[in-house]
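Asker: protein_2.pdb is reproduced in full below (PDB, C-alpha atoms).
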```pdb
ATOM      1  CA  MET W   1      13.356   9.515  35.559  1.00  0.00           C
ATOM      2  CA  THR W   2      14.466  13.126  35.083  1.00  0.00           C
ATOM      3  CA  LYS W   3      17.543  12.625  37.254  1.00  0.00           C
ATOM      4  CA  THR W   4      18.445   9.454  35.365  1.00  0.00           C
ATOM      5  CA  TYR W   5      18.123  11.076  31.949  1.00  0.00           C
ATOM      6  CA  ASN W   6      20.000  14.171  33.063  1.00  0.00           C
ATOM      7  CA  ARG W   7      22.840  11.782  33.863  1.00  0.00           C
ATOM      8  CA  PHE W   8      22.260   9.936  30.556  1.00  0.00           C
ATOM      9  CA  HIS W   9      22.858  13.159  28.602  1.00  0.00           C
ATOM     10  CA  ASP W  10      25.788  14.356  30.727  1.00  0.00           C
ATOM     11  CA  CYS W  11      28.966  13.672  28.737  1.00  0.00           C
ATOM     12  CA  SER W  12      31.023  13.635  31.938  1.00  0.00           C
ATOM     13  CA  GLU W  13      28.901  10.806  33.379  1.00  0.00           C
ATOM     14  CA  THR W  14      30.825   7.548  33.076  1.00  0.00           C
ATOM     15  CA  SER W  15      29.123   5.263  35.579  1.00  0.00           C
ATOM     16  CA  GLU W  16      28.512   1.697  34.475  1.00  0.00           C
ATOM     17  CA  ASP W  17      24.721   1.867  34.914  1.00  0.00           C
ATOM     18  CA  ILE W  18      24.378   4.978  32.753  1.00  0.00           C
ATOM     19  CA  GLN W  19      26.684   3.551  30.100  1.00  0.00           C
ATOM     20  CA  ARG W  20      24.525   0.410  30.049  1.00  0.00           C
ATOM     21  CA  LEU W  21      21.417   2.563  29.588  1.00  0.00           C
ATOM     22  CA  ARG W  22      23.107   4.378  26.693  1.00  0.00           C
ATOM     23  CA  ASP W  23      24.009   1.033  25.118  1.00  0.00           C
ATOM     24  CA  LEU W  24      20.428  -0.190  25.506  1.00  0.00           C
ATOM     25  CA  HIS W  25      19.082   2.964  23.852  1.00  0.00           C
ATOM     26  CA  ALA W  26      21.495   2.564  20.951  1.00  0.00           C
ATOM     27  CA  ALA W  27      20.485  -1.084  20.543  1.00  0.00           C
ATOM     28  CA  MET W  28      16.806  -0.124  20.601  1.00  0.00           C
ATOM     29  CA  ASP W  29      17.390   2.566  17.957  1.00  0.00           C
ATOM     30  CA  GLY W  30      19.111   0.029  15.729  1.00  0.00           C
ATOM     31  CA  ALA W  31      16.340  -2.519  16.258  1.00  0.00           C
ATOM     32  CA  VAL W  32      13.602  -0.025  15.382  1.00  0.00           C
ATOM     33  CA  LEU W  33      15.398   1.165  12.250  1.00  0.00           C
ATOM     34  CA  GLY W  34      15.997  -2.453  11.294  1.00  0.00           C
ATOM     35  CA  ALA W  35      12.319  -3.255  11.824  1.00  0.00           C
ATOM     36  CA  TYR W  36      11.525  -0.644   9.186  1.00  0.00           C
ATOM     37  CA  GLY W  37      13.972  -2.444   6.888  1.00  0.00           C
ATOM     38  CA  TRP W  38      16.403   0.462   7.035  1.00  0.00           C
ATOM     39  CA  HIS W  39      19.459  -1.629   7.826  1.00  0.00           C
ATOM     40  CA  ASP W  40      21.763   0.957   6.263  1.00  0.00           C
ATOM     41  CA  LEU W  41      20.538   3.491   8.820  1.00  0.00           C
ATOM     42  CA  ALA W  42      20.617   0.958  11.644  1.00  0.00           C
ATOM     43  CA  GLU W  43      24.304   0.379  10.969  1.00  0.00           C
ATOM     44  CA  ARG W  44      25.008   4.123  11.110  1.00  0.00           C
ATOM     45  CA  ALA W  45      22.755   5.042  14.059  1.00  0.00           C
ATOM     46  CA  ASP W  46      25.491   6.260  16.352  1.00  0.00           C
ATOM     47  CA  PRO W  47      24.445   8.855  18.917  1.00  0.00           C
ATOM     48  CA  ILE W  48      26.996  11.491  19.892  1.00  0.00           C
ATOM     49  CA  PHE W  49      27.097  14.203  22.509  1.00  0.00           C
ATOM     50  CA  LEU W  50      25.848  17.303  20.741  1.00  0.00           C
ATOM     51  CA  ASP W  51      27.190  20.750  21.476  1.00  0.00           C
ATOM     52  CA  GLU W  52      27.641  24.070  19.703  1.00  0.00           C
ATOM     53  CA  THR W  53      30.484  22.633  17.605  1.00  0.00           C
ATOM     54  CA  ASN W  54      28.374  19.926  15.957  1.00  0.00           C
ATOM     55  CA  GLU W  55      24.732  21.021  16.358  1.00  0.00           C
ATOM     56  CA  ASP W  56      23.114  24.300  15.317  1.00  0.00           C
ATOM     57  CA  ASP W  57      19.784  23.692  17.053  1.00  0.00           C
ATOM     58  CA  HIS W  58      20.271  24.658  20.696  1.00  0.00           C
ATOM     59  CA  THR W  59      17.366  22.349  21.642  1.00  0.00           C
ATOM     60  CA  TYR W  60      19.614  19.341  21.013  1.00  0.00           C
ATOM     61  CA  GLN W  61      22.850  20.767  22.400  1.00  0.00           C
ATOM     62  CA  GLY W  62      23.929  19.084  25.592  1.00  0.00           C
ATOM     63  CA  ARG W  63      22.229  15.822  24.666  1.00  0.00           C
ATOM     64  CA  LEU W  64      23.313  12.393  23.517  1.00  0.00           C
ATOM     65  CA  PHE W  65      21.500  12.110  20.209  1.00  0.00           C
ATOM     66  CA  TRP W  66      21.920  11.607  16.478  1.00  0.00           C
ATOM     67  CA  PRO W  67      23.576  14.380  14.465  1.00  0.00           C
ATOM     68  CA  SER W  68      21.168  16.614  12.536  1.00  0.00           C
ATOM     69  CA  ASP W  69      21.966  15.140   9.096  1.00  0.00           C
ATOM     70  CA  PHE W  70      21.138  11.655  10.368  1.00  0.00           C
ATOM     71  CA  ARG W  71      17.945  12.871  12.081  1.00  0.00           C
ATOM     72  CA  ASP W  72      16.929  14.556   8.830  1.00  0.00           C
ATOM     73  CA  GLU W  73      17.470  11.330   6.882  1.00  0.00           C
ATOM     74  CA  VAL W  74      15.351   9.307   9.323  1.00  0.00           C
ATOM     75  CA  LEU W  75      12.577  11.913   9.263  1.00  0.00           C
ATOM     76  CA  ALA W  76      12.640  12.093   5.447  1.00  0.00           C
ATOM     77  CA  ARG W  77      12.172   8.328   5.244  1.00  0.00           C
ATOM     78  CA  LEU W  78       9.367   8.406   7.799  1.00  0.00           C
ATOM     79  CA  LEU W  79       7.597  11.157   5.837  1.00  0.00           C
ATOM     80  CA  ALA W  80       7.985   9.210   2.582  1.00  0.00           C
ATOM     81  CA  LEU W  81       6.659   6.062   4.244  1.00  0.00           C
ATOM     82  CA  ASN W  82       3.719   7.996   5.645  1.00  0.00           C
ATOM     83  CA  ALA W  83       2.919   9.365   2.179  1.00  0.00           C
ATOM     84  CA  GLU W  84       3.102   5.856   0.670  1.00  0.00           C
ATOM     85  CA  ARG W  85       0.818   4.429   3.336  1.00  0.00           C
ATOM     86  CA  HIS W  86      -1.661   7.263   2.949  1.00  0.00           C
ATOM     87  CA  ALA W  87      -1.719   6.834  -0.839  1.00  0.00           C
ATOM     88  CA  GLU W  88      -2.451   3.129  -0.362  1.00  0.00           C
ATOM     89  CA  GLU W  89      -5.256   3.918   2.087  1.00  0.00           C
ATOM     90  CA  VAL W  90      -6.734   6.402  -0.385  1.00  0.00           C
ATOM     91  CA  ARG W  91      -6.508   3.765  -3.136  1.00  0.00           C
ATOM     92  CA  LEU W  92      -8.338   1.308  -0.861  1.00  0.00           C
ATOM     93  CA  GLY W  93     -10.969   3.916  -0.071  1.00  0.00           C
ATOM     94  CA  ILE W  94     -10.296   3.949   3.646  1.00  0.00           C
ATOM     95  CA  ALA W  95      -8.708   7.398   3.893  1.00  0.00           C
ATOM     96  CA  PRO W  96      -9.659  10.796   2.524  1.00  0.00           C
ATOM     97  CA  GLY W  97      -8.131  11.688  -0.799  1.00  0.00           C
ATOM     98  CA  PRO W  98      -6.872  15.079  -1.959  1.00  0.00           C
ATOM     99  CA  LYS W  99     -10.320  16.687  -1.656  1.00  0.00           C
ATOM    100  CA  GLY W 100     -10.888  15.360   1.856  1.00  0.00           C
ATOM    101  CA  ARG W 101     -13.162  12.491   0.824  1.00  0.00           C
ATOM    102  CA  ALA W 102     -12.518   8.778   0.665  1.00  0.00           C
ATOM    103  CA  GLU W 103     -12.818   7.176  -2.771  1.00  0.00           C
ATOM    104  CA  SER W 104     -15.862   5.234  -1.623  1.00  0.00           C
ATOM    105  CA  ASP W 105     -17.572   8.554  -0.816  1.00  0.00           C
ATOM    106  CA  GLU W 106     -16.756   9.889  -4.273  1.00  0.00           C
ATOM    107  CA  SER W 107     -18.427   6.974  -6.070  1.00  0.00           C
ATOM    108  CA  GLU W 108     -21.793   7.612  -4.381  1.00  0.00           C
TER     109      GLU W 108
END
```
Take the structure from the file and write it as structure tokens.
Answerer:
Amino acid sequence: MTKTYNRFHDCSETSEDIQRLRDLHAAMDGAVLGAYGWHDLAERADPIFLDETNEDDHTYQGRLFWPSDFRDEVLARLLALNAERHAEEVRLGIAPGPKGRAESDESE
């Protein structure tokens, strides 16, 4: 797998099998974003080869990935969704609230 993904992230790699893998990854990204109902993001989910000219974080340089502003937008939505889900679980009494106790525990 490592050899395959090293080729996947190599911008000079143009073989048909690696391009197909890149296309499949892009399609999967779009499908996952669409499954969340984030069709606006799915339409814009376009990975690029990151380097020092378009990515400050050296961890991502040399990779085919989303630009940092797009990654930040996806992560912000995931964090907001997580907060909404947690609030609903607290309301239902199945998750700890702000003081570390579920609502059902507080009523006892």
Asker: Compare W:Tyr60, W:Trp66, W:Phe49, W:Tyr36 by their minimum atom-to-atom distance to Phe8 (chain W), counting all atoms listed in the file, and give me the closest one.
Answerer: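 The shortest atom-to-atom distance to Phe8 (chain W) comes from W:Phe49.
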Asker: Kindly resolve the PyMOL selection byres ((chain W and resi 23-30) around 10) on the present coordinates and return the residues as a list in words.
Answerer: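 The output of the PyMOL selection byres ((chain W and resi 23-30) around 10) on this file is Asp17, Ile18, Gln19, Arg20, Leu21, Arg22, Ala31, Val32, Leu33, Gly34, Ala35, Trp38, His39, Asp40, Leu41, Ala42, Glu43, Arg44, Ala45, Asp46, Pro47 and Phe65 of chain W.
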Asker: For Leu81 (chain W), please output as a PDB file with C-alpha atoms, in the frame of the given file all residues within 12 Å (counting only C-alpha atoms; exclusion window: fewer than 5 positions along the same chain).
Answerer:
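Resulting contents of result20.pdb:
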```
ATOM      1  CA  TYR W  36      11.525  -0.644   9.186  1.00  0.00           C
ATOM      2  CA  GLY W  37      13.972  -2.444   6.888  1.00  0.00           C
ATOM      3  CA  TRP W  38      16.403   0.462   7.035  1.00  0.00           C
ATOM      4  CA  VAL W  74      15.351   9.307   9.323  1.00  0.00           C
ATOM      5  CA  LEU W  75      12.577  11.913   9.263  1.00  0.00           C
ATOM      6  CA  ALA W  76      12.640  12.093   5.447  1.00  0.00           C
ATOM      7  CA  HIS W  86      -1.661   7.263   2.949  1.00  0.00           C
ATOM      8  CA  ALA W  87      -1.719   6.834  -0.839  1.00  0.00           C
ATOM      9  CA  GLU W  88      -2.451   3.129  -0.362  1.00  0.00           C
TER      10      GLU W  88
END
```
Asker: So what do you get for CA of Arg7 (chain W) versus CA of Leu64 (chain W), distance-wise?
Answerer: 10.4 Å
Asker: Would you compute the distance between CA of Ile48 (chain W) and CA of Leu78 (chain W)? Give it in Å to one decimal.
Answerer: 21.6 Å
Asker: Grab the CA of Asp57 (chain W) to CA of Ala83 (chain W) distance for me, in Å with one decimal place.
Answerer: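 CA of Asp57 (chain W) sits 26.7 Å away from CA of Ala83 (chain W).
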